[in-house]
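Text of entry_10.tsv, listed as TSV, C-alpha atoms and all ligand atoms:
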chain	number	residue	atom	x	y	z
Q	1279	MET	CA	135.25	91.74	77.49
Q	1280	ALA	CA	137.37	88.65	78.12
Q	1281	ALA	CA	135.56	85.57	79.37
Q	1282	ASP	CA	137.46	85.43	82.68
Q	1283	GLU	CA	136.54	89.06	83.32
Q	1284	GLN	CA	132.87	88.26	82.93
Q	1285	GLN	CA	132.91	85.36	85.31
Q	1286	TRP	CA	132.78	87.42	88.50
Q	1287	GLN	CA	129.94	89.52	87.08
Q	1288	VAL	CA	127.65	86.56	86.53
Q	1289	PRO	CA	127.64	84.57	89.77
Q	1290	ALA	CA	125.75	81.33	90.25
Q	1291	LEU	CA	122.10	81.85	91.15
Q	1292	VAL	CA	121.56	81.91	94.88
Q	1293	GLN	CA	118.43	79.82	94.71
Q	1294	GLU	CA	120.34	76.99	93.07
Q	1295	LEU	CA	123.28	77.38	95.44
Q	1296	SER	CA	121.00	77.15	98.44
Q	1297	ALA	CA	119.79	73.74	97.31
Q	1298	THR	CA	123.27	72.33	96.92
Q	1299	VAL	CA	125.76	73.91	99.32
Q	1300	GLN	CA	126.24	73.44	103.07
Q	1301	GLU	CA	128.28	76.60	103.48
Q	1302	PRO	CA	127.82	79.77	101.44
Q	1303	PRO	CA	130.69	80.26	98.98
Q	1304	GLY	CA	133.27	82.88	99.96
Q	1305	ARG	CA	131.83	85.54	97.66
Q	1306	TYR	CA	128.67	85.70	99.78
Q	1307	VAL	CA	130.37	85.85	103.15
Q	1308	GLN	CA	130.32	89.29	104.78
Q	1309	PRO	CA	133.46	90.65	106.40
Q	1310	GLU	CA	133.28	90.15	110.14
Q	1311	GLN	CA	132.27	93.70	111.02
Q	1312	HIS	CA	129.28	93.57	108.63
Q	1313	ARG	CA	127.88	90.20	109.64
Q	1314	PRO	CA	124.31	90.31	110.84
Q	1315	ASP	CA	123.55	89.42	114.42
Q	1316	ALA	CA	119.83	88.91	113.97
Q	1317	ALA	CA	119.27	87.87	117.58
Q	1318	ALA	CA	120.76	91.13	118.81
Q	1319	ALA	CA	118.42	93.42	116.86
Q	1320	PRO	CA	115.70	94.84	119.12
Q	1321	PRO	CA	112.24	95.16	117.57
Q	1322	ALA	CA	111.37	98.45	115.88
Q	1323	SER	CA	108.05	99.84	117.10
Q	1324	VAL	CA	106.78	100.52	113.62
Q	1325	PRO	CA	103.29	102.05	113.82
Q	1326	LEU	CA	100.36	100.51	111.99
Q	1327	VAL	CA	98.37	103.19	110.18
Q	1328	ASP	CA	94.75	102.78	109.06
Q	1329	LEU	CA	94.95	104.18	105.55
Q	1330	GLY	CA	91.18	104.50	105.12
Q	1331	ARG	CA	90.89	106.68	108.22
Q	1332	LEU	CA	94.02	108.62	107.35
Q	1333	SER	CA	92.66	109.50	103.92
Q	1334	SER	CA	89.07	110.28	104.77
Q	1335	PRO	CA	88.45	111.00	108.43
Q	1336	SER	CA	84.74	111.29	109.10
Q	1337	PRO	CA	83.52	114.50	110.81
Q	1338	ASP	CA	82.29	112.58	113.89
Q	1339	ASP	CA	85.45	110.54	114.11
Q	1340	ASP	CA	87.14	112.73	116.69
Q	1341	ASP	CA	90.51	111.11	116.84
Q	1342	GLY	CA	90.18	109.26	113.51
Q	1343	GLY	CA	92.22	110.92	110.76
Q	1344	GLY	CA	94.04	113.07	113.29
Q	1345	ASP	CA	95.16	110.08	115.27
Q	1346	GLU	CA	96.30	108.20	112.19
Q	1347	ALA	CA	98.15	111.29	110.98
Q	1348	ALA	CA	99.92	111.51	114.34
Q	1349	LYS	CA	100.93	107.85	114.05
Q	1350	LEU	CA	102.21	108.42	110.54
Q	1351	ARG	CA	104.22	111.43	111.66
Q	1352	ARG	CA	105.74	109.46	114.53
Q	1353	ALA	CA	106.61	106.59	112.20
Q	1354	LEU	CA	108.22	108.86	109.65
Q	1355	ASP	CA	110.16	110.83	112.24
Q	1356	SER	CA	111.53	107.79	113.99
Q	1357	TRP	CA	111.83	105.10	111.35
Q	1358	GLY	CA	111.19	106.44	107.86
Q	1359	LEU	CA	108.81	103.52	107.46
Q	1360	PHE	CA	105.37	102.41	108.57
Q	1361	GLN	CA	102.77	99.74	107.95
Q	1362	VAL	CA	99.32	100.33	106.54
Q	1363	THR	CA	96.12	98.36	106.96
Q	1364	ASN	CA	92.69	99.09	105.52
Q	1365	HIS	CA	94.40	100.04	102.26
Q	1366	GLY	CA	91.66	98.79	99.97
Q	1367	ILE	CA	93.62	96.03	98.24
Q	1368	GLU	CA	91.84	92.71	98.58
Q	1369	ALA	CA	93.62	90.06	100.62
Q	1370	SER	CA	92.78	87.52	97.90
Q	1371	LEU	CA	94.65	89.56	95.30
Q	1372	MET	CA	97.71	89.76	97.54
Q	1373	ASP	CA	97.59	86.02	98.23
Q	1374	GLN	CA	97.27	85.33	94.53
Q	1375	LEU	CA	100.32	87.42	93.75
Q	1376	MET	CA	102.43	85.83	96.45
Q	1377	SER	CA	101.39	82.32	95.39
Q	1378	ALA	CA	102.21	83.10	91.78
Q	1379	SER	CA	105.60	84.31	92.89
Q	1380	GLU	CA	106.18	81.25	95.04
Q	1381	GLU	CA	105.19	79.04	92.15
Q	1382	PHE	CA	107.57	80.85	89.87
Q	1383	PHE	CA	110.52	80.43	92.20
Q	1384	ARG	CA	109.72	76.72	92.57
Q	1385	GLN	CA	109.99	76.12	88.83
Q	1386	PRO	CA	113.01	74.27	87.48
Q	1387	LEU	CA	115.97	76.53	86.76
Q	1388	GLN	CA	115.59	76.06	83.04
Q	1389	VAL	CA	112.09	77.53	83.07
Q	1390	LYS	CA	113.14	80.53	85.18
Q	1391	GLN	CA	116.14	81.13	82.94
Q	1392	GLU	CA	113.77	81.83	80.09
Q	1393	PHE	CA	113.05	85.05	81.97
Q	1394	SER	CA	116.70	85.77	82.73
Q	1395	ASN	CA	117.85	89.33	83.37
Q	1396	LEU	CA	120.91	88.61	81.29
Q	1397	ASN	CA	120.95	89.03	77.53
Q	1398	ASP	CA	122.88	86.14	75.97
Q	1399	GLY	CA	124.06	85.14	79.41
Q	1400	GLU	CA	126.11	88.26	80.00
Q	1401	GLN	CA	124.62	91.72	79.57
Q	1402	PHE	CA	122.53	92.76	82.56
Q	1403	ARG	CA	119.08	94.32	82.13
Q	1404	ALA	CA	116.74	95.65	84.76
Q	1405	GLU	CA	113.97	93.14	84.13
Q	1406	GLY	CA	114.04	89.42	84.58
Q	1407	TYR	CA	115.08	86.59	86.85
Q	1408	GLY	CA	118.50	86.58	88.44
Q	1409	ASN	CA	120.84	88.26	90.86
Q	1410	ASP	CA	121.48	91.97	91.18
Q	1411	LYS	CA	124.05	93.50	88.88
Q	1412	VAL	CA	127.57	92.87	90.05
Q	1413	ARG	CA	129.79	95.90	89.49
Q	1414	ASN	CA	133.11	94.87	90.81
Q	1415	LYS	CA	135.07	91.79	91.63
Q	1416	ASP	CA	135.15	92.40	95.38
Q	1417	GLN	CA	131.44	93.09	95.79
Q	1418	ILE	CA	129.97	90.82	98.44
Q	1419	LEU	CA	126.92	89.19	96.90
Q	1420	ASP	CA	123.40	89.14	98.34
Q	1421	TRP	CA	121.60	85.92	99.21
Q	1422	ASP	CA	118.55	86.58	97.07
Q	1423	ALA	CA	117.27	86.11	93.57
Q	1424	LEU	CA	114.99	88.45	91.75
Q	1425	HIS	CA	112.33	88.51	89.23
Q	1426	GLU	CA	110.88	91.76	88.15
Q	1427	PHE	CA	107.60	92.76	86.64
Q	1428	THR	CA	105.08	95.45	87.19
Q	1429	VAL	CA	101.88	95.56	89.16
Q	1430	ARG	CA	100.12	98.64	90.45
Q	1431	CYS	CA	98.90	99.79	93.78
Q	1432	ARG	CA	98.37	103.37	92.74
Q	1433	THR	CA	95.68	104.33	95.19
Q	1434	VAL	CA	97.82	103.44	98.17
Q	1435	LYS	CA	100.69	105.50	96.76
Q	1436	ARG	CA	98.32	108.41	96.07
Q	1437	ASP	CA	96.80	108.40	99.55
Q	1438	VAL	CA	100.15	108.13	101.25
Q	1439	LEU	CA	101.69	110.93	99.17
Q	1440	ARG	CA	98.68	113.12	99.90
Q	1441	ALA	CA	98.97	112.52	103.62
Q	1442	MET	CA	102.68	113.29	103.48
Q	1443	ALA	CA	102.02	116.55	101.62
Q	1444	ARG	CA	99.44	117.57	104.23
Q	1445	MET	CA	101.80	116.63	107.01
Q	1446	SER	CA	104.69	118.65	105.65
Q	1447	GLY	CA	102.48	121.75	105.45
Q	1448	LEU	CA	102.18	122.02	101.67
Q	1449	ASP	CA	98.99	123.77	100.62
Q	1450	ASP	CA	98.21	121.37	97.79
Q	1451	ASP	CA	97.68	117.72	98.81
Q	1452	ASP	CA	98.71	116.64	95.32
Q	1453	HIS	CA	101.97	118.54	95.40
Q	1454	PHE	CA	104.24	115.48	95.64
Q	1455	ILE	CA	102.10	113.50	93.22
Q	1456	ASN	CA	102.40	116.28	90.65
Q	1457	GLN	CA	106.17	116.26	91.03
Q	1458	LEU	CA	106.28	112.68	89.78
Q	1459	GLY	CA	105.39	113.79	86.26
Q	1460	ARG	CA	103.33	112.16	83.56
Q	1461	ARG	CA	105.80	109.40	82.88
Q	1462	ALA	CA	106.43	108.49	86.48
Q	1463	THR	CA	107.64	104.92	86.78
Q	1464	VAL	CA	106.74	101.97	88.95
Q	1465	HIS	CA	108.81	98.81	89.08
Q	1466	ALA	CA	107.77	95.66	90.82
Q	1467	ARG	CA	110.46	93.40	92.12
Q	1468	PHE	CA	109.97	90.00	93.67
Q	1469	ASN	CA	112.70	89.17	96.13
Q	1470	TYR	CA	113.29	85.55	97.00
Q	1471	TYR	CA	115.57	84.68	99.91
Q	1472	PRO	CA	116.10	80.94	100.18
Q	1473	PRO	CA	116.96	79.57	103.62
Q	1474	CYS	CA	120.67	79.92	104.24
Q	1475	PRO	CA	122.62	77.34	106.27
Q	1476	ARG	CA	124.73	80.17	107.74
Q	1477	PRO	CA	122.51	83.24	108.25
Q	1478	ASP	CA	125.22	84.65	110.52
Q	1479	LEU	CA	127.62	85.01	107.58
Q	1480	VAL	CA	125.52	86.38	104.73
Q	1481	MET	CA	123.11	89.17	103.95
Q	1482	GLY	CA	119.77	88.71	102.16
Q	1483	ILE	CA	120.01	92.28	100.89
Q	1484	LYS	CA	122.90	94.43	101.94
Q	1485	PRO	CA	122.26	97.74	103.75
Q	1486	HIS	CA	120.86	100.33	101.35
Q	1487	SER	CA	118.24	103.01	101.10
Q	1488	ASP	CA	115.80	103.03	98.20
Q	1489	GLY	CA	116.07	105.73	95.55
Q	1490	THR	CA	112.34	105.95	95.17
Q	1491	VAL	CA	109.75	108.48	96.20
Q	1492	ILE	CA	108.20	105.73	98.29
Q	1493	THR	CA	108.49	101.95	98.23
Q	1494	VAL	CA	105.52	99.73	99.03
Q	1495	LEU	CA	106.46	96.29	100.29
Q	1496	LEU	CA	104.35	93.19	100.58
Q	1497	VAL	CA	105.90	90.28	102.47
Q	1498	ALA	CA	104.54	86.77	101.96
Q	1499	GLY	CA	103.18	85.42	105.23
Q	1500	GLY	CA	104.38	88.59	106.98
Q	1501	ALA	CA	107.78	86.90	107.48
Q	1502	ASP	CA	110.52	88.62	109.42
Q	1503	GLY	CA	114.06	89.40	108.31
Q	1504	LEU	CA	113.79	93.10	107.47
Q	1505	GLN	CA	115.91	95.38	109.63
Q	1506	VAL	CA	116.18	99.15	109.77
Q	1507	LEU	CA	119.12	101.25	110.94
Q	1508	ARG	CA	118.59	104.05	113.45
Q	1509	ASP	CA	121.36	105.92	115.24
Q	1510	GLY	CA	123.84	103.21	114.36
Q	1511	VAL	CA	121.66	100.36	115.75
Q	1512	TRP	CA	119.89	97.72	113.65
Q	1513	TYR	CA	116.27	97.12	114.64
Q	1514	SER	CA	114.22	94.26	113.30
Q	1515	VAL	CA	110.95	95.24	111.71
Q	1516	PRO	CA	108.43	92.90	113.31
Q	1517	ALA	CA	106.69	90.42	111.05
Q	1518	SER	CA	103.38	91.99	110.21
Q	1519	SER	CA	100.01	90.66	109.26
Q	1520	PRO	CA	100.36	89.09	105.80
Q	1521	HIS	CA	98.04	91.68	104.34
Q	1522	ALA	CA	99.53	94.83	105.81
Q	1523	LEU	CA	101.77	96.82	103.50
Q	1524	LEU	CA	105.07	98.19	104.62
Q	1525	ILE	CA	105.93	101.57	103.19
Q	1526	ASN	CA	109.26	103.31	103.33
Q	1527	VAL	CA	110.45	106.74	102.30
Q	1528	GLY	CA	112.92	106.78	99.42
Q	1529	GLU	CA	115.78	109.14	98.67
Q	1530	SER	CA	113.82	111.05	95.98
Q	1531	MET	CA	111.26	111.96	98.64
Q	1532	GLU	CA	114.02	112.96	101.04
Q	1533	VAL	CA	115.22	115.48	98.45
Q	1534	MET	CA	111.72	116.65	97.41
Q	1535	SER	CA	110.69	117.19	101.03
Q	1536	ASN	CA	113.95	119.07	101.66
Q	1537	GLY	CA	114.84	116.62	104.40
Q	1538	VAL	CA	111.48	116.69	106.20
Q	1539	PHE	CA	111.27	112.96	105.49
Q	1540	ARG	CA	114.36	110.78	105.70
Q	1541	SER	CA	114.99	107.65	103.70
Q	1542	PRO	CA	115.94	104.82	106.08
Q	1543	VAL	CA	118.84	102.46	105.54
Q	1544	HIS	CA	117.54	98.92	105.70
Q	1545	ARG	CA	118.69	95.36	105.01
Q	1546	VAL	CA	117.33	91.83	105.04
Q	1547	VAL	CA	118.87	89.00	107.04
Q	1548	THR	CA	118.24	85.38	106.15
Q	1549	SER	CA	117.01	82.45	108.17
Q	1550	ALA	CA	118.35	78.90	108.35
Q	1551	GLU	CA	114.84	77.43	108.29
Q	1552	LYS	CA	112.55	79.74	106.43
Q	1553	GLU	CA	112.53	81.27	103.00
Q	1554	ARG	CA	111.28	84.82	102.50
Q	1555	ILE	CA	109.41	86.19	99.52
Q	1556	SER	CA	108.63	89.86	99.17
Q	1557	LEU	CA	107.27	92.14	96.50
Q	1558	ALA	CA	108.64	95.66	96.43
Q	1559	MET	CA	106.87	98.34	94.40
Q	1560	PHE	CA	109.29	101.14	93.62
Q	1561	TYR	CA	107.67	104.46	92.78
Q	1562	ALA	CA	109.94	106.91	91.01
Q	1563	LEU	CA	109.77	110.17	89.06
Q	1564	ASP	CA	109.54	110.56	85.32
Q	1565	PRO	CA	113.23	110.10	84.32
Q	1566	GLU	CA	113.15	113.40	82.41
Q	1567	ARG	CA	112.12	115.45	85.43
Q	1568	ALA	CA	114.34	117.07	88.00
Q	1569	ILE	CA	114.42	115.90	91.60
Q	1570	GLU	CA	114.74	118.92	93.85
Q	1571	PRO	CA	113.35	120.30	97.09
Q	1572	VAL	CA	109.79	121.52	96.34
Q	1573	ALA	CA	109.33	125.29	96.45
Q	1574	GLY	CA	106.83	125.13	99.31
Q	1575	LEU	CA	109.43	123.57	101.60
Q	1576	VAL	CA	112.27	125.97	100.90
Q	1577	ASP	CA	112.51	129.41	102.49
Q	1578	GLU	CA	114.96	131.74	104.21
Q	1579	LYS	CA	114.88	129.72	107.41
Q	1580	ARG	CA	115.22	126.41	105.65
Q	1581	PRO	CA	117.19	126.84	102.44
Q	1582	ALA	CA	117.48	123.99	99.95
Q	1583	LEU	CA	119.47	121.22	101.62
Q	1584	TYR	CA	119.95	119.11	98.48
Q	1585	LYS	CA	121.22	119.79	94.99
Q	1586	LYS	CA	118.86	119.47	92.05
Q	1587	MET	CA	119.41	116.51	89.76
Q	1588	LYS	CA	117.71	115.00	86.75
Q	1589	ALA	CA	115.85	111.85	87.77
Q	1590	ARG	CA	117.62	109.85	85.08
Q	1591	ASP	CA	121.07	110.81	86.44
Q	1592	PHE	CA	119.87	110.17	89.97
Q	1593	LEU	CA	119.13	106.58	89.01
Q	1594	VAL	CA	122.62	106.08	87.64
Q	1595	GLY	CA	124.21	107.45	90.83
Q	1596	LEU	CA	121.91	105.32	92.92
Q	1597	SER	CA	122.73	102.01	91.38
Q	1598	GLU	CA	126.45	102.64	91.93
Q	1599	HIS	CA	125.82	103.42	95.57
Q	1600	PHE	CA	123.52	100.41	95.99
Q	1601	SER	CA	126.32	98.00	95.23
Q	1602	ARG	CA	128.61	99.82	97.66
Q	1603	GLY	CA	125.97	99.96	100.40
Q	1604	THR	CA	126.07	103.76	100.73
Q	1605	ARG	CA	123.36	106.43	100.42
Q	1606	PHE	CA	123.52	108.35	97.16
Q	1607	VAL	CA	121.42	111.17	98.59
Q	1608	ASP	CA	124.25	112.04	101.00
Q	1609	THR	CA	126.34	113.13	98.03
Q	1610	LEU	CA	123.66	115.69	97.09
Q	1611	LYS	CA	123.64	117.45	100.43
Q	1612	ILE	CA	124.49	121.13	100.45
Q	1613	THR	CA	126.32	122.04	103.62
Q	1614	LEU	CA	125.30	125.42	105.02
Q	1615	GLY	CA	128.93	126.43	105.65
Q	1616	LEU	CA	129.76	125.85	102.01
Q	1617	ARG	CA	126.67	127.73	100.91
Q	1618	SER	CA	127.69	130.89	102.75
Q	1619	SER	CA	131.30	130.65	101.62
Q	1620	ASN	CA	130.07	130.22	98.04
Q	1621	ARG	CA	128.12	133.41	98.39
Q	1622	SER	CA	130.88	135.48	99.87
G	1701	LIG	O1	112.54	91.98	100.90
G	1701	LIG	C1	112.40	92.93	101.64
G	1701	LIG	O2	111.71	92.88	102.63
G	1701	LIG	C2	113.07	94.25	101.37
G	1701	LIG	C3	113.50	94.41	99.97
G	1701	LIG	C4	114.20	95.71	99.72
G	1701	LIG	O3	114.63	96.40	100.60
G	1701	LIG	C5	114.36	96.14	98.33
G	1701	LIG	O4	114.05	95.35	97.42
G	1701	LIG	O5	114.79	97.29	98.13
G	1702	FE	FE	114.97	98.43	99.87
Serialized structure, structure tokens:
Amino acid sequence: MAADEQQWQVPALVQELSATVQEPPGRYVQPEQHRPDAAAAPPASVPLVDLGRLSSPSPDDDDGGGDEAAKLRRALDSWGLFQVTNHGIEASLMDQLMSASEEFFRQPLQVKQEFSNLNDGEQFRAEGYGNDKVRNKDQILDWDALHEFTVRCRTVKRDVLRAMARMSGLDDDDHFINQLGRRATVHARFNYYPPCPRPDLVMGIKPHSDGTVITVLLVAGGADGLQVLRDGVWYSVPASSPHALLINVGESMEVMSNGVFRSPVHRVVTSAEKERISLAMFYALDPERAIEPVAGLVDEKRPALYKKMKARDFLVGLSEHFSRGTRFVDTLKITLGLRSSNRS
């Protein structure tokens, strides 16, 4: 690859730019129709679910588990995301993680570059400090920097996936968990959004939906900035308590649940004054397994709505769609009209 060809693929790091520029460079500026109008986004009424009660309602707790399950259902039907409290992860552990992340991002560039996500300054790899992969010259860049490593919050994932299996009427609570396979993956990604002098022009993270089964998000200080799209309108997800976790459905779950759960399109807008640090835990299937609607959710009345695909190939499709800001899962949809004409 010629040197001038590589230049657009390896943009300057946003964190460094933010310290030096008054106006974001042209490559970060969204076209007019995509610019965020943060003030115009009404708040999303994202329910807060008590995970302890959801997972183990006590017999004398009349509206306990049932009530939490109803909240979860409402959240998933309307938003595709919800917040959980009483999740069993110590606040001190969360604070520790967020401080470590803050400390990391405050290090001099040289130190962070030792963990670069570029090999020899050019070839992109999934792990490390830097920007997202840039796939084409015209791609509008996101105002964030990332560092990736893994941490686990398995119990939360397990309890949520069990509740979702129960809710969708599957007879085995572990049905979704078993679909993940023995080599299921979890990636942790720290997102850092420095303050931006022109939040009206740039995007922290462009609109996308996650490819995961579920994503668990921890936001330092419960800062705001996250927005979710519903019926063509952007809603801001209210800043939560710093120790609540935000969980969203991913596209793999949308396929596995045969569309019972939808993966929401979301984005992050920046602020002129405040930085934002978040940790996203991406739970995905064993790359060798197939992602397909689970047998218990497919029948005559509700035939499979999505094509089957190997998890590994799904990931490839996803990353292409991420940079374009479109949902990969929409390309897997089987339209009923086509199905009957295929049969005839
Ligand atoms: O930083 C956030 O709040 C959201 C991050 C996100 O959507 C992602 O990393 O996929
Ligand atoms: Fe996301």
Let me have the centre and edge lengths of the axis-aligned box enclosing all listed atoms of range 1297-1309 of chain Q with 8 Å padding on every side, in Å to one decimal, as AutoDock Vina command-line options.
--center_x 126.6 --center_y 81.5 --center_z 101.7 --size_x 29.7 --size_y 34.3 --size_z 25.5
*asked:* I need the residue nearest Glu1598 in chain Q from this list: Q:His1521, Q:Lys1552, Q:Lys1390, Q:His1486. Use all atoms listed in the file for the distance.
replied: Q:His1486
Kindly extract all protein, DNA and RNA residues lying within 8 Å of the coordinates (114.6, 82.0, 99.4) given in the file, considering only C-alpha atoms, and supply them as a PDB file with C-alpha atoms, in the coordinates of the input.
ATOM      1  CA  GLN Q1293     118.430  79.820  94.710  1.00  0.00           C
ATOM      2  CA  ASP Q1422     118.550  86.580  97.070  1.00  0.00           C
ATOM      3  CA  ALA Q1423     117.270  86.110  93.570  1.00  0.00           C
ATOM      4  CA  TYR Q1470     113.290  85.550  97.000  1.00  0.00           C
ATOM      5  CA  TYR Q1471     115.570  84.680  99.910  1.00  0.00           C
ATOM      6  CA  PRO Q1472     116.100  80.940 100.180  1.00  0.00           C
ATOM      7  CA  PRO Q1473     116.960  79.570 103.620  1.00  0.00           C
ATOM      8  CA  LYS Q1552     112.550  79.740 106.430  1.00  0.00           C
ATOM      9  CA  GLU Q1553     112.530  81.270 103.000  1.00  0.00           C
ATOM     10  CA  ARG Q1554     111.280  84.820 102.500  1.00  0.00           C
ATOM     11  CA  ILE Q1555     109.410  86.190  99.520  1.00  0.00           C
TER      12      ILE Q1555
END
*Which is closer to Val1533 in chain Q than all the others in Q:Asn1469, Q:Ser1549, Q:Val1607, Q:Leu1596, using only C-alpha atoms?*
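Distance minimum relative to Val1533 in chain Q lands on Q:Val1607.
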_Minimum-distance residue to Pro1477 in chain Q, chosen among Q:Val1511, Q:Ile1367, Q:Leu1610, Q:Val1307 (using only C-alpha atoms)_ =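 Residue with the minimum atom-to-atom distance to Pro1477 in chain Q: Q:Val1307.
Around ligand FE 1702 (chain G), the neighbouring residues within 7 Å, taking all atoms listed in the file, come to Q:His1486, Q:Ser1487, Q:Asp1488, Q:His1544.
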Since we have the selection now, will you write its residues out, keeping C-alpha atoms, as a PDB file, keeping the file's coordinate frame?
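Heads up, here's the output in out.pdb:
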ATOM      1  CA  HIS Q1486     120.860 100.330 101.350  1.00  0.00           C
ATOM      2  CA  SER Q1487     118.240 103.010 101.100  1.00  0.00           C
ATOM      3  CA  ASP Q1488     115.800 103.030  98.200  1.00  0.00           C
ATOM      4  CA  HIS Q1544     117.540  98.920 105.700  1.00  0.00           C
TER       5      HIS Q1544
END
*For CA of Arg1461 in chain Q and CA of Met1442 in chain Q, determine how far apart the two atoms are, in Å to one decimal place.*
21.2 Å
*Return as a PyMOL selection string every polymer residue, whether protein, DNA or RNA, with at least one atom no more than 10 Å from an atom of ligand LIG 1701 (chain G); count only C-alpha atoms and all ligand atoms.*
chain Q and resi 1422+1424+1466-1471+1482-1490+1493-1498+1500-1506+1515+1524+1526+1528+1543-1547+1554-1560+1600
_Distance criterion (all atoms listed in the file): nearest to Glu1310 in chain Q out of Q:Glu1368, Q:Ala1348, Q:Leu1479, Q:Asp1451_ =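 Using all atoms listed in the file, Glu1310 in chain Q sits closest to Q:Leu1479.
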*Quick one: pull the distance between CA of Tyr1584 in chain Q and CA of Lys1349 in chain Q, Å, one decimal.*
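Computing the Euclidean distance for CA of Tyr1584 in chain Q and CA of Lys1349 in chain Q yields 27.0 Å.
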_Residues near range 1570-1581 of chain Q, cut-off 9 Å, all atoms listed in the file, skip fewer than 2 positions along chain, as an MDAnalysis selection string_ = chainID Q and resid 1446:1449 1453:1454 1457 1530:1538 1568 1583:1588 1614
*Could you jot down the CA of Ser1541 in chain Q to CA of Ile1492 in chain Q separation for me, Å, one decimal place?*
8.9 Å
Asp1564 in chain Q environment, 9 Å, all atoms listed in the file, sequence neighbours closer than 6 positions dropped, as a CSV table (one decimal) with C-alpha atoms, keeping the file's coordinate frame:
chain,number,residue,atom,x,y,z
Q,1457,GLN,CA,106.2,116.3,91.0
Q,1458,LEU,CA,106.3,112.7,89.8
Q,1459,GLY,CA,105.4,113.8,86.3
Q,1460,ARG,CA,103.3,112.2,83.6
Q,1461,ARG,CA,105.8,109.4,82.9
Q,1462,ALA,CA,106.4,108.5,86.5
Q,1463,THR,CA,107.6,104.9,86.8
Q,1589,ALA,CA,115.8,111.8,87.8
Q,1590,ARG,CA,117.6,109.8,85.1
*Which is closest to Phe1592 in chain Q among Q:Ala1522, Q:Ile1569, Q:Lys1611, Q:Ser1377, if we use all atoms listed in the file?*
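Counting all atoms listed in the file, the residue closest to Phe1592 in chain Q is Q:Ile1569.
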*Give the answer as one residue: which of Q:Glu1381, Q:Gly1406, Q:Leu1507, Q:Ser1333 has the shortest atom-to-atom distance to Phe1393 in chain Q, using all atoms listed in the file?*
Q:Gly1406
